[in-house]
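**Q** I am attaching a structure below and will ask some questions about it afterwards.
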Amino acid sequence: MKHYRKELWFSTSSRRKLINITADINNCLKESLIKEGLLLCNAMHITSSVFINDDESGLHQDFEIWLEKLAPEKPYSRYHHNSFEDNADAHLKRTIMGREVVVAITEGRLDFGPWEQIFYGEFDGKRKKRVLVKITGT
Ligand code: ZN
């Protein structure tokens with residue numbers, strides 16, 4: 001059994017951003033030399049997400065509108081958490097978009113359905129944040 005671990009760093013110029021990290025994850029998989037197994041990818045922060053969905057710009061706008069409806073960023077005063085921070089909305093958005101994904105590795109490839117792509121979802125950016133990639137297998 002082989003084990004691989006890597007941290008990927010992201011720093012967005014805006015507070016919220018969705019980044020397709022599938023190519024980065026593929027590079028990790030190549031580096032790991034693992035052909036059969038499981039890949040875990042998780043955000044290491046409680047105000048960002050890793051999730052799988054379609055790389056389609058209309059859908060990404062829909063996510064932004066939907067998340068802002070569920071947990072609007074402003075007014076900051078609407079949240080109890082914001083008595084000492086201003087990122088309550090980011091905690092809530094992260095929770096609904098998820099912490100991690102697990103992908104099967106088959107014949108050295110991410111064993112995806114036709115439109116699946118891996119995204120980093122930033123909800124409280126403008127600083128350096130990490131994603132963990134862990135791969136185990138043979
Ligand atoms: Zn907070």
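Chain identifiers are assigned as A, B, and so on, following the order in which chains appear in the structure tokens; residues are numbered from 1 within each chain, and ligands are numbered from 1 in order of appearance.
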Give me the residues within 6 Å of range 111-125 of chain A as a list in words, counting only C-alpha atoms and dropping any in the same chain fewer than 2 places off.
**A**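 My list of contacting residues is Thr12, Arg15, Arg16, Lys17, Leu18, Ile19, Asn20, Ile21, Thr22, Thr47, Ser48, Ser49, Val50, Phe51, Ile52, Asn53, Asp54, Ala90, Ala104, Ile105, Thr106, Arg109 and Arg127 of chain A.
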**Q** Write out as a ChimeraX atom specification all residues of range 78-108 of chain A that backbone DSSP assigns to alpha helix (DSSP H).
**A** /A:88-97
**Q** Which chains and residue numbers are within 8 Å of ligand 1, counting only C-alpha atoms and all ligand atoms, if I want them as an MDAnalysis selection string?
**A** chainID A and resid 46:47 81:82 85:88 90:91
**Q** So that I have them on file, write out the residues from the current selection with N, CA and C atoms, as an mmCIF file, in the first residue's frame.
**A**
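Everything below was put into part-v9.cif:
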data_model
loop_
_atom_site.group_PDB
_atom_site.id
_atom_site.type_symbol
_atom_site.label_atom_id
_atom_site.label_comp_id
_atom_site.auth_asym_id
_atom_site.auth_seq_id
_atom_site.Cartn_x
_atom_site.Cartn_y
_atom_site.Cartn_z
ATOM 1 N N ILE A 46 -12.394 26.310 7.720
ATOM 2 C CA ILE A 46 -13.827 26.170 7.961
ATOM 3 C C ILE A 46 -14.652 27.242 7.266
ATOM 4 N N THR A 47 -14.015 27.981 6.345
ATOM 5 C CA THR A 47 -14.757 28.948 5.533
ATOM 6 C C THR A 47 -14.493 28.727 4.037
ATOM 7 N N HIS A 81 -22.263 35.181 15.190
ATOM 8 C CA HIS A 81 -20.827 34.921 15.066
ATOM 9 C C HIS A 81 -20.036 36.200 14.796
ATOM 10 N N ASN A 82 -20.679 37.166 14.168
ATOM 11 C CA ASN A 82 -19.968 38.369 13.737
ATOM 12 C C ASN A 82 -19.743 39.392 14.850
ATOM 13 N N GLU A 85 -16.077 38.546 14.463
ATOM 14 C CA GLU A 85 -15.556 38.329 13.107
ATOM 15 C C GLU A 85 -16.597 38.856 12.121
ATOM 16 N N ASP A 86 -16.281 38.778 10.814
ATOM 17 C CA ASP A 86 -17.282 39.207 9.830
ATOM 18 C C ASP A 86 -17.564 38.106 8.808
ATOM 19 N N ASN A 87 -17.274 36.850 9.199
ATOM 20 C CA ASN A 87 -17.345 35.802 8.183
ATOM 21 C C ASN A 87 -18.372 34.699 8.481
ATOM 22 N N ALA A 88 -19.405 35.027 9.239
ATOM 23 C CA ALA A 88 -20.430 34.022 9.538
ATOM 24 C C ALA A 88 -21.009 33.428 8.254
ATOM 25 N N ALA A 90 -19.602 32.961 5.467
ATOM 26 C CA ALA A 90 -18.640 32.046 4.846
ATOM 27 C C ALA A 90 -18.671 30.673 5.535
ATOM 28 N N HIS A 91 -18.832 30.656 6.866
ATOM 29 C CA HIS A 91 -18.967 29.380 7.583
ATOM 30 C C HIS A 91 -20.213 28.629 7.096
#
**Q** Can you list every residue in chain A that DSSP puts in strand (DSSP E), as a count of residues only?
**A** 52
**Q** Expressed in Å to a single decimal, how great is the separation between CA of Glu68 in chain A and CA of Ser13 in chain A?
**A** 18.8 Å
**Q** Show which residues sit within 7 Å of Thr136 in chain A, as a list in words. Count only C-alpha atoms, and ignore same-chain residues fewer than 5 positions away.
**A**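 Here the qualifying residues turn out to be Met1, Lys2, His3, Tyr4, Gly37, Leu38 and Leu39 of chain A.
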**Q** Using only C-alpha atoms, can you tell me which of A:Met44, A:Lys6, A:Ala71, A:Val101 comes closest to Asn27 in chain A?
**A**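 Ranked by minimum distance to Asn27 in chain A, first place goes to A:Lys6.
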**Q** Take CA of Ser57 in chain A and CA of Ile96 in chain A and report the distance between them in Å, one decimal.
**A**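 Separation of CA of Ser57 in chain A and CA of Ile96 in chain A: 19.6 Å.
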**Q** Show me, as a ChimeraX atom specification, the residues that have an atom within 8 Å of Leu40 in chain A when counting only C-alpha atoms, minus same-chain residues fewer than 2 positions from it.
**A** /A:38,42,100-103,132-135
**Q** Which is closest to Ile34 in chain A among A:Gly58, A:Leu92, A:Arg5, A:Leu67, if we use only C-alpha atoms?
**A**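 With only C-alpha atoms as the atom set, the closest residue is A:Arg5.
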**Q** How many Å lie between CA of Lys35 in chain A and CA of Lys129 in chain A, rounded to one decimal?
**A** 28.7 Å
